[in-house]
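S.K.: Just dropping this structure here.
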Amino acid sequence: MLSAVIITFNEEKNITRCLQSLAGVADEIIVVDSFSTDKTKEICLSYGATFIEHKFDGHIQQKNWAKEQASHKFVLSLDADEALDETLSQSILAIKANPKRDGYYMNRFTNYCGHWVRHCGWYPDKKLRLWNPTKGKWGGMNPHDRFELDAGDANAGYLKGNILHYSYYSIEEHYQQAEKFSTISAQSYFERGRRTNPFLIFIKPIGRFLISYFLKLGFLDGKYGFIICRIQAHEVNLKYRKLYALQKMNK
């Protein structure tokens with residue numbers, strides 16, 4: 001038996017596609033919502049999901065709380081803007097009755113403004129999204145969470161197919177997310193003792209652009225590859241500038 005767990009906030013434009021992809025795969029769908037004001041709740045209930053409202057204290061914290069709400073021994077975690085492709089659905093069904101590993105990795109394939117991104121470091125974007133919830137927990141650094149299996153006897157496999165990630169519908173959305181995520185990242189860095197200086201504020205964004213655009217072949221994604229790499233560099237610049245501001249305020 002398999003539980004699918006999704007966290008949401010105002011996801012009416014994405015959640016239907018996500019829920020539809022889980023039909024016939026998940027035996028239970030748990031949606032943990034941070035008090036949406038749109039039609040997210042109505043849509044989720046119409047697909048038979050269990051809908052729970054819970055205060056959002058961070059991506060890692062919310063996902064760890066959400067996994068505890070699942071009642072089955074294996075959990076599939078998706079974001080509201082993600083969906084399973086047919087190959088991945090079949091891969092999950094093939095191992096669902098008798099999983100031989102504690103967790104399973106899969107690739108994530110991102111759609112950016114209608115363009116499927118194959119480079120920029122965005123594909124294959126390997127994610128551990130199917131796991132025994134007693135064998136690990138969400139970690140990483142907000143807002144970039146990742147599921148981490150316990151060290152020792154926990155072991156992971158790999159499934160064919162893709163999580164289809166519908167990331168941004170417009171370039172402006174990407175800029176808005178960069179502004180939001182850079183604030184969260186700067187705060188996370190500061191709380192963990194990370195510090196910066198004017199040289200790093202200057203050099204880190206340049207390094208990020210060069211790596212994404214040239215070493216990770218972002219230029220092969222054409223116009224959108226350049227835009228993605230440019231905004232990634234912009235987000236790095238914002239993050240380090242905000243971190244520097246936190247340092248100065250807390251001297």
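Residues in the structure tokens are named by chain (A, B, ... in the order shown) and by number from 1 within that chain; ligands are numbered from 1 in the order shown.
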Residues at most 12 Å from A:Phe214, counting only C-alpha atoms, excluding those fewer than 3 positions away in the same chain, as number ranges by chain?
M.R.: A: 119-121, 206-211, 217-221, 225-226, 229
S.K.: Would you put the residues from that selection into a file with C-alpha atoms, as a compact mmCIF listing (two decimals), in the first residue's frame?
M.R.:
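In the end it all went to selection-v9.txt:
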```txt
# COMPACT_ATOMS: atom_id res chain seq x y z
CA HIS A 119 20.54 21.13 -19.49
CA CYS A 120 21.49 24.01 -17.10
CA GLY A 121 21.98 21.34 -14.40
CA ILE A 206 29.52 34.93 -12.01
CA GLY A 207 30.66 31.46 -11.08
CA ARG A 208 27.09 30.19 -10.96
CA PHE A 209 26.33 31.54 -14.43
CA LEU A 210 29.49 30.13 -16.00
CA ILE A 211 28.95 26.69 -14.51
CA LEU A 217 25.48 23.12 -21.27
CA GLY A 218 22.72 25.63 -20.59
CA PHE A 219 23.42 27.24 -23.97
CA LEU A 220 21.97 24.12 -25.64
CA ASP A 221 18.55 25.12 -24.27
CA GLY A 225 18.72 28.31 -21.19
CA PHE A 226 20.28 31.77 -21.10
CA CYS A 229 21.18 30.72 -16.02
```
S.K.: What residues in stretch 9-239 of chain A get the DSSP label helix (DSSP H, G or I)? Please answer as an MDAnalysis selection string.
M.R.: chainID A and resid 15:21 40:46 59:67 86:96 133:135 171:191 198:215 218:239
S.K.: Can you write out as JSON lines which residues of stretch 62-91 of chain A fall within 10 Å of stretch 96-101 of chain A, alongside each residue's closest atom pair and its distance in Å to one decimal, counting only C-alpha atoms and ordering rows by chain and ascending residue number?
M.R.:
```
{"residue": "A:Phe74", "atom": "CA", "partner": "A:Lys96", "partner_atom": "CA", "distance": 8.2}
{"residue": "A:Gln90", "atom": "CA", "partner": "A:Lys96", "partner_atom": "CA", "distance": 9.8}
{"residue": "A:Ser91", "atom": "CA", "partner": "A:Lys96", "partner_atom": "CA", "distance": 8.6}
```
S.K.: Those residues you just picked out, can you put them in a file as a PDB file, in the first residue's frame with N, CA and C atoms?
M.R.:
```
ATOM      1  N   PHE A  74       4.842   2.825   2.737  1.00  0.00           N
ATOM      2  CA  PHE A  74       5.675   3.509   1.759  1.00  0.00           C
ATOM      3  C   PHE A  74       5.004   4.819   1.371  1.00  0.00           C
ATOM      4  N   GLN A  90       4.249   3.274 -14.039  1.00  0.00           N
ATOM      5  CA  GLN A  90       4.388   1.827 -14.186  1.00  0.00           C
ATOM      6  C   GLN A  90       5.541   1.287 -13.340  1.00  0.00           C
ATOM      7  N   SER A  91       6.620   2.056 -13.233  1.00  0.00           N
ATOM      8  CA  SER A  91       7.756   1.635 -12.401  1.00  0.00           C
ATOM      9  C   SER A  91       7.349   1.532 -10.940  1.00  0.00           C
TER      10      SER A  91
END
```
S.K.: Please provide the set of residues having any atom within 10 Å of stretch 169-171 of chain A, restricted to only C-alpha atoms, with same-chain residues fewer than 5 positions apart removed, written as number ranges by chain.
M.R.: A: 111-115, 176-177, 224, 227-228, 231
S.K.: Quick one, how far is atom CA of A:Phe202 from atom CA of A:Lys180?
M.R.: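 Going from atom CA of A:Phe202 over to atom CA of A:Lys180 covers 20.3 Å.
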S.K.: Let me make sure I understand: among A:Ala4, A:Leu164, A:Ile201, A:Ala154, which one has the smallest atom-to-atom distance to A:Ala23 if we use only C-alpha atoms?
M.R.: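 So, comparing all the options, the nearest one is A:Ala4.
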S.K.: Can you pull out the residues contacting A:Leu159? Cut-off 7 Å, using only C-alpha atoms, and skip same-chain residues under 6 positions away; I want them as a list in words.
M.R.: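 Neighbouring residues, sequence-local ones excluded: Leu88, Ser91, Tyr104, Tyr105 and Met106 of chain A.
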S.K.: Show me, as a PyMOL selection string, the residues that have an atom within 8 Å of A:Ala70 when counting only C-alpha atoms, minus same-chain residues fewer than 4 positions from it.
M.R.: chain A and resi 3-5+28+30+66+75
S.K.: Could those residues be written to a file, using C-alpha atoms, as an mmCIF file, in the first residue's frame?
M.R.:
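result23.cif written:
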```
data_model
loop_
_atom_site.group_PDB
_atom_site.id
_atom_site.type_symbol
_atom_site.label_atom_id
_atom_site.label_comp_id
_atom_site.auth_asym_id
_atom_site.auth_seq_id
_atom_site.Cartn_x
_atom_site.Cartn_y
_atom_site.Cartn_z
ATOM 1 C CA SER A 3 0.532 6.950 0.470
ATOM 2 C CA ALA A 4 1.127 10.027 -1.680
ATOM 3 C CA VAL A 5 1.894 13.190 0.288
ATOM 4 C CA GLU A 28 -4.101 7.250 -0.157
ATOM 5 C CA ILE A 30 -2.614 13.282 1.900
ATOM 6 C CA ALA A 66 3.252 15.816 6.448
ATOM 7 C CA VAL A 75 5.334 7.206 0.897
#
```
S.K.: Could you state the separation of atom CA of A:Ile163 and atom CA of A:Ala83 in Å, given to one decimal place?
M.R.: 5.6 Å
S.K.: Please identify the strand (DSSP E or B) residues within stretch 25-121 of chain A (assignment by DSSP from backbone atoms) and present them as a VMD selection string.
M.R.: chain A and resid 28 to 33 50 to 53 74 to 79 82 to 84 103 to 112 115 to 117
S.K.: Based on the selection just made, write N, CA and C atoms of those residues as a CSV table (one decimal), in the first residue's frame.
M.R.:
```csv
chain,number,residue,atom,x,y,z
A,28,GLU,N,-3.7,6.2,-1.1
A,28,GLU,CA,-4.1,7.3,-0.2
A,28,GLU,C,-3.4,8.5,-0.6
A,29,ILE,N,-4.1,9.6,-0.6
A,29,ILE,CA,-3.5,10.9,-1.0
A,29,ILE,C,-3.7,11.9,0.2
A,30,ILE,N,-2.6,12.3,0.8
A,30,ILE,CA,-2.6,13.3,1.9
A,30,ILE,C,-2.1,14.6,1.4
A,31,VAL,N,-2.9,15.7,1.5
A,31,VAL,CA,-2.6,17.0,1.2
A,31,VAL,C,-2.5,17.8,2.4
A,32,VAL,N,-1.3,18.4,2.7
A,32,VAL,CA,-1.1,19.2,3.9
A,32,VAL,C,-1.0,20.7,3.3
A,33,ASP,N,-1.9,21.5,3.7
A,33,ASP,CA,-2.1,22.8,3.1
A,33,ASP,C,-1.9,23.9,4.2
A,50,THR,N,-7.3,13.4,1.4
A,50,THR,CA,-7.4,13.8,2.8
A,50,THR,C,-6.7,15.2,2.9
A,51,PHE,N,-7.5,16.2,3.2
A,51,PHE,CA,-7.0,17.5,3.2
A,51,PHE,C,-6.8,18.0,4.7
A,52,ILE,N,-5.6,18.4,5.0
A,52,ILE,CA,-5.2,18.8,6.4
A,52,ILE,C,-4.6,20.2,6.3
A,53,GLU,N,-5.1,21.1,7.1
A,53,GLU,CA,-4.5,22.4,7.2
A,53,GLU,C,-3.5,22.5,8.3
A,74,PHE,N,4.8,2.8,2.7
A,74,PHE,CA,5.7,3.5,1.8
A,74,PHE,C,5.0,4.8,1.4
A,75,VAL,N,5.8,5.9,1.2
A,75,VAL,CA,5.3,7.2,0.9
A,75,VAL,C,6.0,7.7,-0.4
A,76,LEU,N,5.1,8.3,-1.2
A,76,LEU,CA,5.6,9.0,-2.4
A,76,LEU,C,5.3,10.5,-2.2
A,77,SER,N,6.4,11.3,-2.3
A,77,SER,CA,6.3,12.7,-2.1
A,77,SER,C,6.3,13.5,-3.4
A,78,LEU,N,5.3,14.3,-3.6
A,78,LEU,CA,5.3,15.2,-4.8
A,78,LEU,C,5.0,16.6,-4.4
A,79,ASP,N,5.5,17.5,-5.1
A,79,ASP,CA,5.0,18.9,-5.0
A,79,ASP,C,3.8,19.1,-5.9
A,82,GLU,N,4.1,19.1,-9.7
A,82,GLU,CA,4.7,17.9,-10.3
A,82,GLU,C,3.7,16.9,-10.6
A,83,ALA,N,4.0,16.0,-11.5
A,83,ALA,CA,3.2,14.9,-11.9
A,83,ALA,C,4.0,13.7,-12.3
A,84,LEU,N,3.5,12.5,-12.2
A,84,LEU,CA,4.2,11.3,-12.7
A,84,LEU,C,4.0,11.1,-14.2
A,103,GLY,N,14.2,3.1,-0.2
A,103,GLY,CA,13.9,4.3,-0.9
A,103,GLY,C,14.2,4.2,-2.4
A,104,TYR,N,13.6,5.0,-3.2
A,104,TYR,CA,13.9,5.0,-4.6
A,104,TYR,C,14.0,6.4,-5.2
A,105,TYR,N,15.1,6.5,-6.0
A,105,TYR,CA,15.4,7.8,-6.7
A,105,TYR,C,14.6,7.7,-8.0
A,106,MET,N,14.4,8.9,-8.6
A,106,MET,CA,13.8,9.1,-9.9
A,106,MET,C,14.2,10.4,-10.4
A,107,ASN,N,14.2,10.6,-11.7
A,107,ASN,CA,14.6,11.9,-12.4
A,107,ASN,C,13.4,12.8,-12.4
A,108,ARG,N,13.7,14.1,-12.3
A,108,ARG,CA,12.7,15.1,-12.5
A,108,ARG,C,13.0,15.9,-13.8
A,109,PHE,N,12.0,16.1,-14.6
A,109,PHE,CA,12.1,16.8,-15.9
A,109,PHE,C,11.3,18.0,-15.9
A,110,THR,N,11.9,19.2,-16.0
A,110,THR,CA,11.3,20.5,-15.8
A,110,THR,C,10.8,21.2,-17.0
A,111,ASN,N,9.6,21.6,-17.0
A,111,ASN,CA,9.0,22.5,-18.1
A,111,ASN,C,9.1,23.9,-17.6
A,112,TYR,N,9.7,24.8,-18.4
A,112,TYR,CA,9.9,26.2,-18.1
A,112,TYR,C,9.3,27.0,-19.2
A,115,HIS,N,8.9,25.1,-22.3
A,115,HIS,CA,10.1,24.5,-22.9
A,115,HIS,C,10.6,23.5,-21.9
A,116,TRP,N,10.8,22.2,-22.4
A,116,TRP,CA,11.4,21.2,-21.5
A,116,TRP,C,12.9,21.4,-21.5
A,117,VAL,N,13.4,21.6,-20.2
A,117,VAL,CA,14.8,21.9,-20.0
A,117,VAL,C,15.7,20.7,-19.9
```
